[in-house]
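The block underneath contains the structure these notes are about, expressed in structure tokens.
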Amino acid sequence: MRVLLAGATGYIGQAVLKELVVQGYEVIALARRGHDLVIDDPKAVTIVEADITADGDWDRHVPAVQAVVSCLASRTGAPADAHCVDFEANQKLLKHAERDGVSHFVLLSAICVQKPVLAFQRAKWQFEQLLHDSPVPATVIRATAFFRSLVGQLSRVQAGKPFLLFGSGEHTACKPISDRDLARFIVGQLTESRQGTVRRIIGGPGPAITPLVQAKMICEAAGQPCRHRSLPANMFTWLRWLITPLTLFSHRMAERAEFLRIAQFYASESMLVWDEVAQIYDAEATPEFGDDTLGDFYQGVCSGKVPLPDRREHSLF
Ligand SMILES: NC(=O)c1ccc[n+]([C@@H]2O[C@H](COP(=O)([O-])OP(=O)(O)OC[C@H]3O[C@@H](n4cnc5c(N)ncnc54)[C@H](OP(=O)(O)O)[C@@H]3O)[C@@H](O)[C@H]2O)c1
């Protein structure tokens with residue numbers, strides 16, 4: 001089967017590209033010019049260099065495909081960029097998929113879209129609705145936190161500094177998933193025949209982990225005594241209020257304010273299934289997949305066996 005992969009240069013996109021090749025798919029990988037994708041098996045992968053957000057004829061060199069996988073995502077989460085990438089670029093992909101009459105469109109989305117309050121979550125939610133209304137059979141994968149998102153404090157702990165918690169560090173939790181396990185889950189969807197749109201929430205192996213447990217895991221892996229410091233749980237909201245007057249005059253400040261809104265969301269919400277009726281996050285109801293654990297990942301990074309993921313715009317600390 002020939003598959004068009006968009007977002008092939010991203011953290012999860014690269015893992016999906018590898019998994020597609022391992023499972024014997026023929027891959028058309030879409031990448032912006034200047035990418036640094038390294039392909040082990042050039043017979044299995046064709047790179048089409050095009051910018052889906054900027055080139056009118058981005059799909060001119062894309063051959064006919066039977067399935068589309070989208071790992072596209074705004075790198076900043078800023079409102080305009082989120083609309084441009086999470087909504088508009090995916091909309092263009094979907095139009096292409098409709099023209100090709102593909103048998104499956106797999107979209108990597110995020111579990112936090114279940115409570116769409118941030119600009120990037122609304123953009124993703126809007127596209128999920130479009131996909132739902134399209135005749136193309138589709139799977140929407142709402143994944144929980146990635147390992148990469150939970151590695152930000154490793155270097156400060158290795159330097160002997162305390163792990164930073166918001167409040168007690170016990171009010172939120174997640175079931176983190178590795179890029180490899182998530183890629184296996186995503187590619188696995190292609191073997192299922194679809195009618196309509198199916199939504200799958202997916203986390204890594206349990207149990208759910210709080211930031212306090214993460215602190216213990218990181219300190220242990222770094223060979224440091226477990227020290228942590230508590231920051232006010234609403235810190236990012238206060239900072240946002242401080243800069244709010246400036247957002248009226250400055251686009252940059254408006255983007256900063258959105259970044260603080262994003263930080264506050266992740267400091268205060270769990271990446272688990274939200275039970276709308278009970279108004280609680282439900283760890284038991286959050287499906288699990290894969291074998292890789294966060295503890296082993298921290299140990300691997302600290303021992304040098306696992307490379308430290310490049311966090312780029314995802315850095316907070
Ligand atoms: N972080 C988490 O813990 C988490 C948890 C659950 C779900 N998710 C969701 O998972 C998805 C993938 O995340 P990720 O970390 O793999 O993303 P990522 O590493 O930031 O990759 C984003 C991909 O989209 C492409 N892209 C971004 N802006 C573009 C533009 N203007 N034009 C063309 N291509 C563009 C990037 O291409 P370039 O390389 O050319 O920039 C890259 O291939 C996102 O939807 C995210 O919300 C994240």
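Ligands are numbered from 1 in the order shown, chains are lettered A, B, ... in the order of the structure tokens, and residues start at 1 in each chain.
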Inset, instruction - Would you please give, as a PyMOL selection string, all residues of stretch 8-86 of chain A that DSSP assigns to alpha helix (DSSP H) based on the backbone? - result: chain A and resi 11-22+79-82
Inset, instruction - Do a neighbour search on A:Ala80 at 9 Å with only C-alpha atoms, toss out local chain neighbours closer than 5 positions, and write the hits as a list in words. - result: Val85, Ala119 and Phe120 of chain A
Inset, instruction - For stretch 191-201 of chain A, please output as a ChimeraX atom specification all residues within 6 Å (counting only C-alpha atoms; exclusion window: fewer than 5 positions along the same chain). - result: /A:132,137-143
Serialized selection, C-alpha atoms, as a compact mmCIF listing (two decimals), in the first residue's frame:
# COMPACT_ATOMS: atom_id res chain seq x y z
CA HIS A 132 -15.89 13.54 10.51
CA PRO A 137 -12.89 6.81 6.15
CA ALA A 138 -10.78 8.14 9.01
CA THR A 139 -9.16 7.49 12.38
CA VAL A 140 -8.51 10.36 14.77
CA ILE A 141 -5.84 9.46 17.33
CA ARG A 142 -5.98 11.58 20.45
CA ALA A 143 -2.66 10.72 22.11
Find the residues of chain A that sit at most 7 Å from ligand 1; for each, write down the nearest two atoms and how far apart they are in Å, to one decimal. Count only C-alpha atoms and all ligand atoms. Sort by chain, then by number going up, and give it as a tab-separated table.
residue	atom	partner	partner_atom_place_in_ligand_line	distance
A:Ala6	CA	ligand 1	43 (O)	6.8
A:Gly7	CA	ligand 1	43 (O)	3.2
A:Ala8	CA	ligand 1	43 (O)	4.9
A:Thr9	CA	ligand 1	43 (O)	3.8
A:Gly10	CA	ligand 1	21 (O)	3.2
A:Tyr11	CA	ligand 1	16 (O)	3.8
A:Ile12	CA	ligand 1	16 (O)	3.8
A:Gly13	CA	ligand 1	16 (O)	5.6
A:Ala31	CA	ligand 1	40 (O)	6.1
A:Arg32	CA	ligand 1	40 (O)	4.9
A:His35	CA	ligand 1	40 (O)	6.3
A:Asp51	CA	ligand 1	33 (C)	5.2
A:Ile52	CA	ligand 1	33 (C)	5.4
A:Thr53	CA	ligand 1	32 (N)	4.8
A:Cys71	CA	ligand 1	12 (C)	5.1
A:Leu72	CA	ligand 1	24 (O)	3.7
A:Ala73	CA	ligand 1	24 (O)	4.2
A:Ser74	CA	ligand 1	28 (N)	4.7
A:Arg75	CA	ligand 1	20 (O)	4.4
A:Asp81	CA	ligand 1	31 (N)	6.9
A:Cys84	CA	ligand 1	31 (N)	6.9
A:Val85	CA	ligand 1	31 (N)	5.6
A:Leu108	CA	ligand 1	11 (C)	5.6
A:Ser109	CA	ligand 1	45 (O)	4.8
A:Ala110	CA	ligand 1	7 (C)	3.7
A:Ile111	CA	ligand 1	6 (C)	6.0
A:Arg142	CA	ligand 1	7 (C)	6.4
A:Ala143	CA	ligand 1	6 (C)	4.3
A:Thr144	CA	ligand 1	6 (C)	4.6
A:Ala145	CA	ligand 1	3 (O)	3.6
A:Phe146	CA	ligand 1	3 (O)	3.9
A:Phe147	CA	ligand 1	3 (O)	6.9
A:Arg148	CA	ligand 1	3 (O)	6.8
A:Ser149	CA	ligand 1	3 (O)	4.8
Give me, as a PDB file with C-alpha atoms, in the first residue's frame, all polymer residues having an atom no more than 8 Å from stretch 87-101 of chain A, counting only C-alpha atoms and skipping those fewer than 6 positions away in the same chain.
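Output below, filename around-v1.pdb:
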ATOM      1  CA  ILE A  52       1.775  22.573   2.132  1.00  0.00           C
ATOM      2  CA  THR A  53       1.103  25.860   3.931  1.00  0.00           C
ATOM      3  CA  ASP A  59       0.789  18.121  -4.374  1.00  0.00           C
ATOM      4  CA  ALA A  64      -1.638   8.526  -6.227  1.00  0.00           C
ATOM      5  CA  VAL A  65      -1.834   7.017  -2.733  1.00  0.00           C
ATOM      6  CA  GLN A  66      -4.212   4.656  -0.949  1.00  0.00           C
ATOM      7  CA  ALA A  67      -3.882   6.172   2.540  1.00  0.00           C
ATOM      8  CA  VAL A  68      -2.862   9.414   4.224  1.00  0.00           C
ATOM      9  CA  SER A  70      -1.038  13.339   9.102  1.00  0.00           C
ATOM     10  CA  LEU A  72       1.340  17.822  10.991  1.00  0.00           C
ATOM     11  CA  ALA A 123      -7.933  24.430  15.326  1.00  0.00           C
ATOM     12  CA  LYS A 124      -7.436  20.676  15.779  1.00  0.00           C
ATOM     13  CA  GLN A 126     -12.323  22.172  13.928  1.00  0.00           C
ATOM     14  CA  PHE A 127     -10.372  19.897  11.583  1.00  0.00           C
ATOM     15  CA  LEU A 130     -14.279  18.427   8.968  1.00  0.00           C
ATOM     16  CA  LEU A 131     -12.812  14.929   8.829  1.00  0.00           C
ATOM     17  CA  PRO A 135     -16.705  10.775   2.950  1.00  0.00           C
ATOM     18  CA  VAL A 136     -13.114   9.618   3.545  1.00  0.00           C
TER      19      VAL A 136
END
Rows by chain and residue number, stretch 154-198 of chain A within 7 Å of stretch 14-27 of chain A, shortest pair, only C-alpha atoms, as a tab-separated table:
residue	atom	partner	partner_atom	distance
A:Asp179	CA	A:Ala15	CA	6.1
A:Arg180	CA	A:Ala15	CA	5.9
A:Ala183	CA	A:Val16	CA	4.6
A:Arg184	CA	A:Glu19	CA	6.4
A:Val187	CA	A:Leu20	CA	6.4
I need the residues from that last selection saved to file as a CSV table (one decimal), in the first residue's frame (with N, CA and C atoms), if you can.
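Listed below is the output, selection22.csv:
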chain,number,residue,atom,x,y,z
A,179,ASP,N,7.5,7.7,21.5
A,179,ASP,CA,7.4,7.9,20.0
A,179,ASP,C,7.2,6.6,19.3
A,180,ARG,N,8.0,5.6,19.7
A,180,ARG,CA,8.0,4.3,19.0
A,180,ARG,C,6.7,3.6,19.2
A,183,ALA,N,4.0,5.4,17.3
A,183,ALA,CA,4.1,5.1,15.8
A,183,ALA,C,3.5,3.7,15.5
A,184,ARG,N,3.8,2.7,16.4
A,184,ARG,CA,3.3,1.4,16.1
A,184,ARG,C,1.7,1.4,16.1
A,187,VAL,N,0.5,3.3,12.8
A,187,VAL,CA,0.6,2.5,11.6
A,187,VAL,C,-0.3,1.3,11.7
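The gap separating atom CA of A:Ala222 from atom CA of A:Val157 is 7.0 Å, in Å to one decimal.
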Legend entry - Secondary structure check, strand (DSSP E) residues of stretch 20-61 of chain A, as an MDAnalysis selection string: chainID A and resid 26:31 45:49
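Our summary of the geometry notes that atom CA of A:Gln279 is positioned 14.2 Å from atom CA of A:His171.
A straight line drawn from atom CA of A:Lys175 to atom CA of A:Gln153 is 18.0 Å long.
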